[in-house]
file run-v1.pdb (PDB, C-alpha atoms, pLDDT in the B column)
ATOM      1  CA  MET F 455       0.000   0.000   0.000  1.00 94.00           C
ATOM      2  CA  VAL F 456       1.160   3.509  -0.785  1.00 97.00           C
ATOM      3  CA  ARG F 457      -0.188   6.752   0.672  1.00 98.00           C
ATOM      4  CA  ILE F 458      -0.408   9.533  -1.911  1.00 98.00           C
ATOM      5  CA  LEU F 459      -0.726  13.269  -1.324  1.00 98.00           C
ATOM      6  CA  GLY F 460      -2.326  15.158  -4.212  1.00 98.00           C
ATOM      7  CA  LEU F 461      -1.689  18.895  -4.423  1.00 98.00           C
ATOM      8  CA  ASP F 462      -3.545  21.636  -6.310  1.00 95.00           C
ATOM      9  CA  PRO F 463      -1.530  24.837  -5.771  1.00 95.00           C
ATOM     10  CA  SER F 464      -2.978  28.339  -5.672  1.00 93.00           C
ATOM     11  CA  LEU F 465      -2.071  31.419  -3.701  1.00 93.00           C
ATOM     12  CA  SER F 466      -5.671  31.981  -2.633  1.00 94.00           C
ATOM     13  CA  SER F 467      -6.760  28.379  -1.932  1.00 95.00           C
ATOM     14  CA  THR F 468      -4.405  25.414  -2.236  1.00 97.00           C
ATOM     15  CA  GLY F 469      -6.171  22.057  -2.266  1.00 97.00           C
ATOM     16  CA  TRP F 470      -4.754  18.862  -0.825  1.00 98.00           C
ATOM     17  CA  GLY F 471      -6.016  15.297  -0.757  1.00 98.00           C
ATOM     18  CA  VAL F 472      -4.674  12.059   0.667  1.00 98.00           C
ATOM     19  CA  ILE F 473      -5.541   8.570  -0.558  1.00 98.00           C
ATOM     20  CA  ASP F 474      -4.230   5.071   0.000  1.00 97.00           C
ATOM     21  CA  ALA F 475      -3.661   2.912  -3.075  1.00 96.00           C
ATOM     22  CA  GLU F 476      -3.128  -0.816  -3.149  1.00 93.00           C
ATOM     23  CA  GLY F 477      -3.012  -2.053  -6.702  1.00 86.00           C
ATOM     24  CA  SER F 478      -6.146  -0.667  -8.325  1.00 87.00           C
ATOM     25  CA  ARG F 479      -7.972  -0.265  -4.990  1.00 93.00           C
ATOM     26  CA  LEU F 480      -8.230   3.306  -3.732  1.00 96.00           C
ATOM     27  CA  LYS F 481      -9.229   4.476  -0.277  1.00 96.00           C
ATOM     28  CA  TYR F 482      -9.995   8.035   0.780  1.00 97.00           C
ATOM     29  CA  VAL F 483      -7.987   9.270   3.765  1.00 97.00           C
ATOM     30  CA  ALA F 484      -8.451  13.065   4.009  1.00 97.00           C
ATOM     31  CA  ASP F 485      -8.768  16.306   2.061  1.00 97.00           C
ATOM     32  CA  GLY F 486      -8.766  20.011   2.670  1.00 97.00           C
ATOM     33  CA  PHE F 487      -7.695  23.376   1.417  1.00 97.00           C
ATOM     34  CA  ILE F 488      -5.480  26.180   2.631  1.00 98.00           C
ATOM     35  CA  LYS F 489      -7.060  29.587   2.240  1.00 97.00           C
ATOM     36  CA  THR F 490      -4.822  32.625   2.527  1.00 97.00           C
ATOM     37  CA  ASP F 491      -5.864  36.179   3.263  1.00 97.00           C
ATOM     38  CA  PRO F 492      -5.338  38.438   0.220  1.00 95.00           C
ATOM     39  CA  LYS F 493      -4.812  41.374   2.626  1.00 97.00           C
ATOM     40  CA  GLN F 494      -1.697  39.737   4.065  1.00 97.00           C
ATOM     41  CA  PRO F 495       1.732  40.356   2.557  1.00 96.00           C
ATOM     42  CA  LEU F 496       2.781  37.790  -0.044  1.00 95.00           C
ATOM     43  CA  GLU F 497       5.531  36.310   2.121  1.00 96.00           C
ATOM     44  CA  GLU F 498       3.071  35.671   4.964  1.00 97.00           C
ATOM     45  CA  ARG F 499       0.622  33.966   2.611  1.00 97.00           C
ATOM     46  CA  LEU F 500       3.400  31.731   1.281  1.00 98.00           C
ATOM     47  CA  ASP F 501       4.452  30.928   4.850  1.00 98.00           C
ATOM     48  CA  VAL F 502       0.867  29.878   5.685  1.00 98.00           C
ATOM     49  CA  LEU F 503       0.872  27.529   2.687  1.00 98.00           C
ATOM     50  CA  TYR F 504       4.210  25.992   3.624  1.00 98.00           C
ATOM     51  CA  ARG F 505       3.552  25.529   7.339  1.00 98.00           C
ATOM     52  CA  THR F 506       0.064  24.143   6.814  1.00 98.00           C
ATOM     53  CA  LEU F 507       1.252  21.659   4.171  1.00 98.00           C
ATOM     54  CA  CYS F 508       4.069  20.555   6.471  1.00 98.00           C
ATOM     55  CA  GLY F 509       1.409  19.892   9.116  1.00 98.00           C
ATOM     56  CA  VAL F 510      -0.630  17.852   6.633  1.00 98.00           C
ATOM     57  CA  ILE F 511       2.473  15.827   5.735  1.00 98.00           C
ATOM     58  CA  GLU F 512       3.344  15.228   9.391  1.00 98.00           C
ATOM     59  CA  THR F 513      -0.231  14.170  10.164  1.00 98.00           C
ATOM     60  CA  TYR F 514      -0.860  11.824   7.229  1.00 98.00           C
ATOM     61  CA  ARG F 515       2.703  10.683   6.390  1.00 98.00           C
ATOM     62  CA  PRO F 516       2.377  10.194   2.612  1.00 98.00           C
ATOM     63  CA  ASN F 517       4.935   8.064   0.761  1.00 97.00           C
ATOM     64  CA  GLU F 518       4.534   9.891  -2.548  1.00 98.00           C
ATOM     65  CA  SER F 519       3.070  13.178  -3.738  1.00 98.00           C
ATOM     66  CA  SER F 520       1.652  14.471  -6.982  1.00 98.00           C
ATOM     67  CA  ILE F 521       0.900  17.846  -8.504  1.00 97.00           C
ATOM     68  CA  GLU F 522      -0.546  19.222 -11.707  1.00 91.00           C
ATOM     69  CA  ILE F 523       1.773  20.907 -14.191  1.00 89.00           C
ATOM     70  CA  ILE F 524       0.727  24.529 -14.610  1.00 80.00           C
ATOM     71  CA  PHE F 525       0.497  26.431 -17.827  1.00 71.00           C
ATOM     72  CA  LEU F 526       0.980  30.156 -18.210  1.00 66.00           C
ATOM     73  CA  ASN F 527      -2.119  32.279 -18.365  1.00 72.00           C
ATOM     74  CA  ASP F 528      -2.711  35.688 -19.937  1.00 78.00           C
ATOM     75  CA  ASN F 529      -2.012  37.703 -16.793  1.00 84.00           C
ATOM     76  CA  PRO F 530       1.746  37.762 -16.009  1.00 87.00           C
ATOM     77  CA  VAL F 531       1.215  38.970 -12.413  1.00 85.00           C
ATOM     78  CA  SER F 532      -1.168  36.070 -11.710  1.00 84.00           C
ATOM     79  CA  THR F 533       1.256  33.637 -13.320  1.00 86.00           C
ATOM     80  CA  ILE F 534       4.111  34.850 -11.115  1.00 90.00           C
ATOM     81  CA  LYS F 535       2.008  34.579  -7.934  1.00 88.00           C
ATOM     82  CA  LEU F 536       0.821  31.092  -8.883  1.00 89.00           C
ATOM     83  CA  SER F 537       4.412  30.097  -9.621  1.00 92.00           C
ATOM     84  CA  MET F 538       5.523  31.304  -6.201  1.00 94.00           C
ATOM     85  CA  ALA F 539       2.711  29.385  -4.501  1.00 94.00           C
ATOM     86  CA  ARG F 540       3.553  26.307  -6.565  1.00 95.00           C
ATOM     87  CA  GLY F 541       7.206  26.587  -5.534  1.00 96.00           C
ATOM     88  CA  VAL F 542       6.218  26.546  -1.868  1.00 97.00           C
ATOM     89  CA  VAL F 543       3.834  23.642  -2.451  1.00 97.00           C
ATOM     90  CA  VAL F 544       6.629  21.690  -4.198  1.00 97.00           C
ATOM     91  CA  LEU F 545       9.042  22.532  -1.369  1.00 98.00           C
ATOM     92  CA  ALA F 546       6.856  21.019   1.370  1.00 98.00           C
ATOM     93  CA  PRO F 547       7.112  17.365   0.234  1.00 98.00           C
ATOM     94  CA  GLY F 548      10.730  18.012  -0.756  1.00 98.00           C
ATOM     95  CA  THR F 549      11.489  19.005   2.829  1.00 98.00           C
ATOM     96  CA  TYR F 550      10.395  15.510   3.903  1.00 98.00           C
ATOM     97  CA  HIS F 551      12.133  13.757   0.954  1.00 98.00           C
ATOM     98  CA  ILE F 552       8.801  12.613  -0.465  1.00 98.00           C
ATOM     99  CA  PRO F 553       8.983  11.979  -4.218  1.00 97.00           C
ATOM    100  CA  LEU F 554       6.853  14.368  -6.277  1.00 98.00           C
ATOM    101  CA  TYR F 555       5.269  13.346  -9.586  1.00 97.00           C
ATOM    102  CA  GLN F 556       3.839  15.894 -12.022  1.00 96.00           C
ATOM    103  CA  TYR F 557       0.931  15.435 -14.412  1.00 96.00           C
ATOM    104  CA  GLU F 558      -0.535  17.551 -17.183  1.00 93.00           C
ATOM    105  CA  PRO F 559      -4.143  18.703 -16.624  1.00 91.00           C
ATOM    106  CA  ASN F 560      -5.473  16.612 -19.513  1.00 91.00           C
ATOM    107  CA  LYS F 561      -3.841  13.486 -17.998  1.00 93.00           C
ATOM    108  CA  VAL F 562      -5.610  14.179 -14.704  1.00 94.00           C
ATOM    109  CA  LYS F 563      -8.935  14.497 -16.499  1.00 92.00           C
ATOM    110  CA  LYS F 564      -8.289  11.391 -18.592  1.00 91.00           C
ATOM    111  CA  ALA F 565      -7.281   9.318 -15.538  1.00 91.00           C
ATOM    112  CA  THR F 566     -10.365  10.324 -13.548  1.00 92.00           C
ATOM    113  CA  VAL F 567     -13.064  10.874 -16.182  1.00 91.00           C
ATOM    114  CA  GLY F 568     -11.677   9.028 -19.203  1.00 87.00           C
ATOM    115  CA  VAL F 569     -11.655  12.157 -21.372  1.00 80.00           C
ATOM    116  CA  GLY F 570      -8.859  14.730 -21.507  1.00 80.00           C
ATOM    117  CA  LYS F 571     -11.224  17.684 -22.022  1.00 83.00           C
ATOM    118  CA  ALA F 572     -13.601  16.958 -19.108  1.00 84.00           C
ATOM    119  CA  ALA F 573     -15.283  19.750 -17.135  1.00 84.00           C
ATOM    120  CA  LYS F 574     -14.467  20.389 -13.461  1.00 83.00           C
ATOM    121  CA  THR F 575     -17.906  19.099 -12.443  1.00 88.00           C
ATOM    122  CA  GLN F 576     -17.239  15.815 -14.247  1.00 91.00           C
ATOM    123  CA  VAL F 577     -13.920  15.439 -12.426  1.00 91.00           C
ATOM    124  CA  GLU F 578     -15.571  16.054  -9.059  1.00 92.00           C
ATOM    125  CA  THR F 579     -18.344  13.565  -9.838  1.00 92.00           C
ATOM    126  CA  MET F 580     -15.796  10.880 -10.744  1.00 94.00           C
ATOM    127  CA  VAL F 581     -13.743  11.595  -7.610  1.00 95.00           C
ATOM    128  CA  LYS F 582     -16.885  10.847  -5.589  1.00 94.00           C
ATOM    129  CA  ILE F 583     -17.452   7.619  -7.543  1.00 93.00           C
ATOM    130  CA  LEU F 584     -13.827   6.452  -7.318  1.00 94.00           C
ATOM    131  CA  LEU F 585     -13.629   7.282  -3.602  1.00 96.00           C
ATOM    132  CA  PRO F 586     -17.037   6.189  -2.246  1.00 90.00           C
ATOM    133  CA  GLY F 587     -18.402   8.334   0.550  1.00 88.00           C
ATOM    134  CA  VAL F 588     -16.008  11.225  -0.038  1.00 93.00           C
ATOM    135  CA  LYS F 589     -17.389  14.743   0.194  1.00 93.00           C
ATOM    136  CA  PRO F 590     -14.556  17.029  -0.915  1.00 93.00           C
ATOM    137  CA  GLN F 591     -14.387  20.256   1.070  1.00 91.00           C
ATOM    138  CA  ASN F 592     -14.287  22.388  -2.091  1.00 93.00           C
ATOM    139  CA  ASN F 593     -13.225  22.329  -5.772  1.00 92.00           C
ATOM    140  CA  ASP F 594      -9.557  22.703  -4.845  1.00 94.00           C
ATOM    141  CA  SER F 595      -9.550  19.664  -2.563  1.00 96.00           C
ATOM    142  CA  SER F 596     -11.544  17.708  -5.160  1.00 95.00           C
ATOM    143  CA  ASP F 597      -8.913  18.585  -7.778  1.00 95.00           C
ATOM    144  CA  ALA F 598      -6.153  17.525  -5.363  1.00 97.00           C
ATOM    145  CA  LEU F 599      -7.866  14.158  -4.848  1.00 98.00           C
ATOM    146  CA  ALA F 600      -8.124  13.793  -8.650  1.00 97.00           C
ATOM    147  CA  ILE F 601      -4.376  14.446  -8.914  1.00 97.00           C
ATOM    148  CA  ALA F 602      -3.716  11.778  -6.255  1.00 98.00           C
ATOM    149  CA  ILE F 603      -5.993   9.338  -8.134  1.00 97.00           C
ATOM    150  CA  THR F 604      -4.081  10.119 -11.322  1.00 96.00           C
ATOM    151  CA  HIS F 605      -0.799   9.262  -9.665  1.00 97.00           C
ATOM    152  CA  ALA F 606      -2.254   6.028  -8.285  1.00 96.00           C
ATOM    153  CA  HIS F 607      -3.305   5.122 -11.837  1.00 93.00           C
ATOM    154  CA  TYR F 608      -0.034   6.035 -13.544  1.00 92.00           C
ATOM    155  CA  ARG F 609       2.349   4.857 -10.821  1.00 87.00           C
ATOM    156  CA  THR F 610       1.638   1.225 -11.700  1.00 72.00           C
ATOM    157  CA  ALA F 611       2.386   1.966 -15.351  1.00 68.00           C
ATOM    158  CA  LYS F 612       5.620   3.722 -14.322  1.00 62.00           C
ATOM    159  CA  ASN F 613       6.439   0.822 -11.991  1.00 59.00           C
ATOM    160  CA  VAL F 614       7.095   3.205  -9.098  1.00 56.00           C
TER     161      VAL F 614
END

call {"tool": "encode", "arguments": {"input": "run-v1.pdb", "output": "structure tokens"}}
result
Amino acid sequence: MVRILGLDPSLSSTGWGVIDAEGSRLKYVADGFIKTDPKQPLEERLDVLYRTLCGVIETYRPNESSIEIIFLNDNPVSTIKLSMARGVVVLAPGTYHIPLYQYEPNKVKKATVGVGKAAKTQVETMVKILLPGVKPQNNDSSDALAIAITHAHYRTAKNV
């Protein structure tokens, strides 16, 4: 059995989700999101992300972690802020020497829904089907669970 931490980085609300995977069997463990106050200075918001994720890692002790690859958007300021948040989110598992695997958004959708162009609502619906009884706290934690599910699916193909 492997415990996987899925991460969906954002400066305003970073989602996280933890699942256990044994072969093709998946089991929900926990999910949540880290909301930061836009009135706080950037460095304080990044510190909240880092410290909270470290707490999640210490509580749930994942063996592996996964994150979505980001693509640039039209607003350079937003892209820079997202990149900073993503850097902090990548650093947290790195601090604990937990391997991090990265997946393109269409791979996440394909692994959960079966179609690379699926809508967010379809992804959330499939997360609930693949992890019976789960009620994700919000869209960010649902996305993080989808990223963890994706890693569980592809890790067997990668022979991790």

call {"tool": "axis_aligned_box", "arguments": {"input": "run-v1.pdb", "around": "stretch 567-576 of chain F", "padding_each_side": "4 Å", "output": "lines of an AutoDock Vina configuration file"}}
result
center_x = -13.4
center_y = 14.7
center_z = -17.2
size_x = 17.0
size_y = 19.4
size_z = 17.6

call {"tool": "residues_around", "arguments": {"input": "run-v1.pdb", "residues": "stretch 519-525 of chain F", "least_positions_apart": "4", "cutoff": "10 Å", "atoms": "all atoms listed in the file", "output": "PyMOL selection string"}}
result
chain F and resi 457-463+470-472+511+533+536-537+540+543-544+547-548+552-562+597-606

call {"tool": "atom_distance", "arguments": {"input": "run-v1.pdb", "atom1": "atom CA of F:Asp501", "atom2": "atom CA of F:Val542"}}
result
8.2 Å

call {"tool": "resolve_selection", "arguments": {"input": "run-v1.pdb", "expression": "the PyMOL selection byres ((chain F and resi 577) around 8)", "output": "PDB file with C-alpha atoms, in the coordinates of the input"}}
result
ATOM      1  CA  LYS F 563      -8.935  14.497 -16.499  1.00 92.00           C
ATOM      2  CA  THR F 566     -10.365  10.324 -13.548  1.00 92.00           C
ATOM      3  CA  VAL F 567     -13.064  10.874 -16.182  1.00 91.00           C
ATOM      4  CA  ALA F 572     -13.601  16.958 -19.108  1.00 84.00           C
ATOM      5  CA  ALA F 573     -15.283  19.750 -17.135  1.00 84.00           C
ATOM      6  CA  LYS F 574     -14.467  20.389 -13.461  1.00 83.00           C
ATOM      7  CA  THR F 575     -17.906  19.099 -12.443  1.00 88.00           C
ATOM      8  CA  GLN F 576     -17.239  15.815 -14.247  1.00 91.00           C
ATOM      9  CA  GLU F 578     -15.571  16.054  -9.059  1.00 92.00           C
ATOM     10  CA  THR F 579     -18.344  13.565  -9.838  1.00 92.00           C
ATOM     11  CA  MET F 580     -15.796  10.880 -10.744  1.00 94.00           C
ATOM     12  CA  VAL F 581     -13.743  11.595  -7.610  1.00 95.00           C
ATOM     13  CA  SER F 596     -11.544  17.708  -5.160  1.00 95.00           C
ATOM     14  CA  ASP F 597      -8.913  18.585  -7.778  1.00 95.00           C
ATOM     15  CA  ALA F 600      -8.124  13.793  -8.650  1.00 97.00           C
TER      16      ALA F 600
END

call {"tool": "atom_distance", "arguments": {"input": "run-v1.pdb", "atom1": "atom CA of F:Ile534", "atom2": "atom CA of F:Gly509"}}
result
25.3 Å

call {"tool": "residues_around", "arguments": {"input": "run-v1.pdb", "residues": "F:Leu465", "least_positions_apart": "3", "cutoff": "9 Å", "atoms": "only C-alpha atoms", "output": "PyMOL selection string"}}
result
chain F and resi 468+488-490+492+496+499-500+503+535-540

call {"tool": "write_last_selection", "arguments": {"input": "run-v1.pdb", "atoms": "C-alpha atoms", "output": "compact mmCIF listing (two decimals), in the coordinates of the input"}}
result
# COMPACT_ATOMS: atom_id res chain seq x y z
CA THR F 468 -4.40 25.41 -2.24
CA ILE F 488 -5.48 26.18 2.63
CA LYS F 489 -7.06 29.59 2.24
CA THR F 490 -4.82 32.62 2.53
CA PRO F 492 -5.34 38.44 0.22
CA LEU F 496 2.78 37.79 -0.04
CA ARG F 499 0.62 33.97 2.61
CA LEU F 500 3.40 31.73 1.28
CA LEU F 503 0.87 27.53 2.69
CA LYS F 535 2.01 34.58 -7.93
CA LEU F 536 0.82 31.09 -8.88
CA SER F 537 4.41 30.10 -9.62
CA MET F 538 5.52 31.30 -6.20
CA ALA F 539 2.71 29.38 -4.50
CA ARG F 540 3.55 26.31 -6.56

call {"tool": "residues_around", "arguments": {"input": "run-v1.pdb", "residues": "F:Thr610", "least_positions_apart": "3", "cutoff": "12 Å", "atoms": "only C-alpha atoms", "output": "VMD selection string"}}
result
chain F and resid 455 to 456 475 to 479 603 to 607 613 to 614

call {"tool": "atom_distance", "arguments": {"input": "run-v1.pdb", "atom1": "atom CA of F:Val569", "atom2": "atom CA of F:Lys582"}}
result
16.7 Å

call {"tool": "residues_around", "arguments": {"input": "run-v1.pdb", "residues": "F:Ser595", "least_positions_apart": "5", "cutoff": "7 Å", "atoms": "only C-alpha atoms", "output": "number ranges by chain"}}
result
F: 469-471, 485-487, 590

call {"tool": "closest_residue", "arguments": {"input": "run-v1.pdb", "among": "F:Ser466, F:Asn517, F:Lys589, F:Ile583", "to": "F:Lys493", "atoms": "only C-alpha atoms"}}
result
F:Ser466

call {"tool": "build_atoms", "arguments": {"input": "run-v1.pdb", "residues": "stretch 565-596 of chain F", "atoms": "N, CA and C atoms", "output": "short mmCIF file (atom, residue, chain, number, x, y, z; two decimals), in the frame of the given file"}}
result
data_model
loop_
_atom_site.label_atom_id
_atom_site.label_comp_id
_atom_site.auth_asym_id
_atom_site.auth_seq_id
_atom_site.Cartn_x
_atom_site.Cartn_y
_atom_site.Cartn_z
N ALA F 565 -7.40 10.38 -16.56
CA ALA F 565 -7.28 9.32 -15.54
C ALA F 565 -8.53 9.23 -14.66
N THR F 566 -9.19 10.35 -14.42
CA THR F 566 -10.36 10.32 -13.55
C THR F 566 -11.66 10.16 -14.32
N VAL F 567 -11.81 10.87 -15.43
CA VAL F 567 -13.06 10.87 -16.18
C VAL F 567 -13.00 9.96 -17.41
N GLY F 568 -11.82 9.82 -17.99
CA GLY F 568 -11.68 9.03 -19.20
C GLY F 568 -11.57 9.89 -20.45
N VAL F 569 -11.71 11.21 -20.26
CA VAL F 569 -11.66 12.16 -21.37
C VAL F 569 -10.75 13.31 -20.96
N GLY F 570 -9.82 13.68 -21.83
CA GLY F 570 -8.86 14.73 -21.51
C GLY F 570 -9.41 16.14 -21.49
N LYS F 571 -10.62 16.34 -21.98
CA LYS F 571 -11.22 17.68 -22.02
C LYS F 571 -12.43 17.78 -21.08
N ALA F 572 -12.46 16.99 -20.03
CA ALA F 572 -13.60 16.96 -19.11
C ALA F 572 -13.76 18.27 -18.33
N ALA F 573 -14.98 18.57 -17.95
CA ALA F 573 -15.28 19.75 -17.14
C ALA F 573 -14.97 19.45 -15.67
N LYS F 574 -14.77 20.53 -14.89
CA LYS F 574 -14.47 20.39 -13.46
C LYS F 574 -15.55 19.59 -12.74
N THR F 575 -16.81 19.81 -13.11
CA THR F 575 -17.91 19.10 -12.44
C THR F 575 -17.83 17.60 -12.72
N GLN F 576 -17.40 17.23 -13.92
CA GLN F 576 -17.24 15.82 -14.25
C GLN F 576 -16.12 15.19 -13.42
N VAL F 577 -15.04 15.93 -13.24
CA VAL F 577 -13.92 15.44 -12.43
C VAL F 577 -14.39 15.22 -11.00
N GLU F 578 -15.10 16.18 -10.44
CA GLU F 578 -15.57 16.05 -9.06
C GLU F 578 -16.54 14.87 -8.91
N THR F 579 -17.41 14.69 -9.88
CA THR F 579 -18.34 13.56 -9.84
C THR F 579 -17.59 12.24 -9.83
N MET F 580 -16.57 12.12 -10.68
CA MET F 580 -15.80 10.88 -10.74
C MET F 580 -14.96 10.66 -9.48
N VAL F 581 -14.48 11.73 -8.88
CA VAL F 581 -13.74 11.60 -7.61
C VAL F 581 -14.67 10.96 -6.58
N LYS F 582 -15.91 11.40 -6.54
CA LYS F 582 -16.89 10.85 -5.59
C LYS F 582 -17.21 9.39 -5.89
N ILE F 583 -17.19 9.01 -7.16
CA ILE F 583 -17.45 7.62 -7.54
C ILE F 583 -16.24 6.74 -7.22
N LEU F 584 -15.04 7.24 -7.54
CA LEU F 584 -13.83 6.45 -7.32
C LEU F 584 -13.45 6.33 -5.85
N LEU F 585 -13.89 7.30 -5.05
CA LEU F 585 -13.63 7.28 -3.60
C LEU F 585 -14.98 7.33 -2.88
N PRO F 586 -15.68 6.20 -2.80
CA PRO F 586 -17.04 6.19 -2.25
C PRO F 586 -17.13 6.85 -0.86
N GLY F 587 -18.16 7.66 -0.73
CA GLY F 587 -18.40 8.33 0.55
C GLY F 587 -17.67 9.65 0.73
N VAL F 588 -16.77 9.98 -0.19
CA VAL F 588 -16.01 11.22 -0.04
C VAL F 588 -16.90 12.42 -0.35
N LYS F 589 -16.72 13.46 0.43
CA LYS F 589 -17.39 14.74 0.19
C LYS F 589 -16.31 15.81 0.24
N PRO F 590 -15.66 16.06 -0.91
CA PRO F 590 -14.56 17.03 -0.92
C PRO F 590 -14.99 18.38 -0.33
N GLN F 591 -14.08 19.00 0.40
CA GLN F 591 -14.39 20.26 1.07
C GLN F 591 -14.66 21.39 0.10
N ASN F 592 -14.01 21.39 -1.04
CA ASN F 592 -14.29 22.39 -2.09
C ASN F 592 -13.68 21.89 -3.41
N ASN F 593 -13.76 22.72 -4.46
CA ASN F 593 -13.22 22.33 -5.77
C ASN F 593 -11.72 22.08 -5.73
N ASP F 594 -11.01 22.86 -4.91
CA ASP F 594 -9.56 22.70 -4.84
C ASP F 594 -9.17 21.36 -4.23
N SER F 595 -9.87 20.96 -3.17
CA SER F 595 -9.55 19.66 -2.56
C SER F 595 -10.00 18.52 -3.47
N SER F 596 -11.10 18.71 -4.19
CA SER F 596 -11.54 17.71 -5.16
C SER F 596 -10.50 17.53 -6.26
#
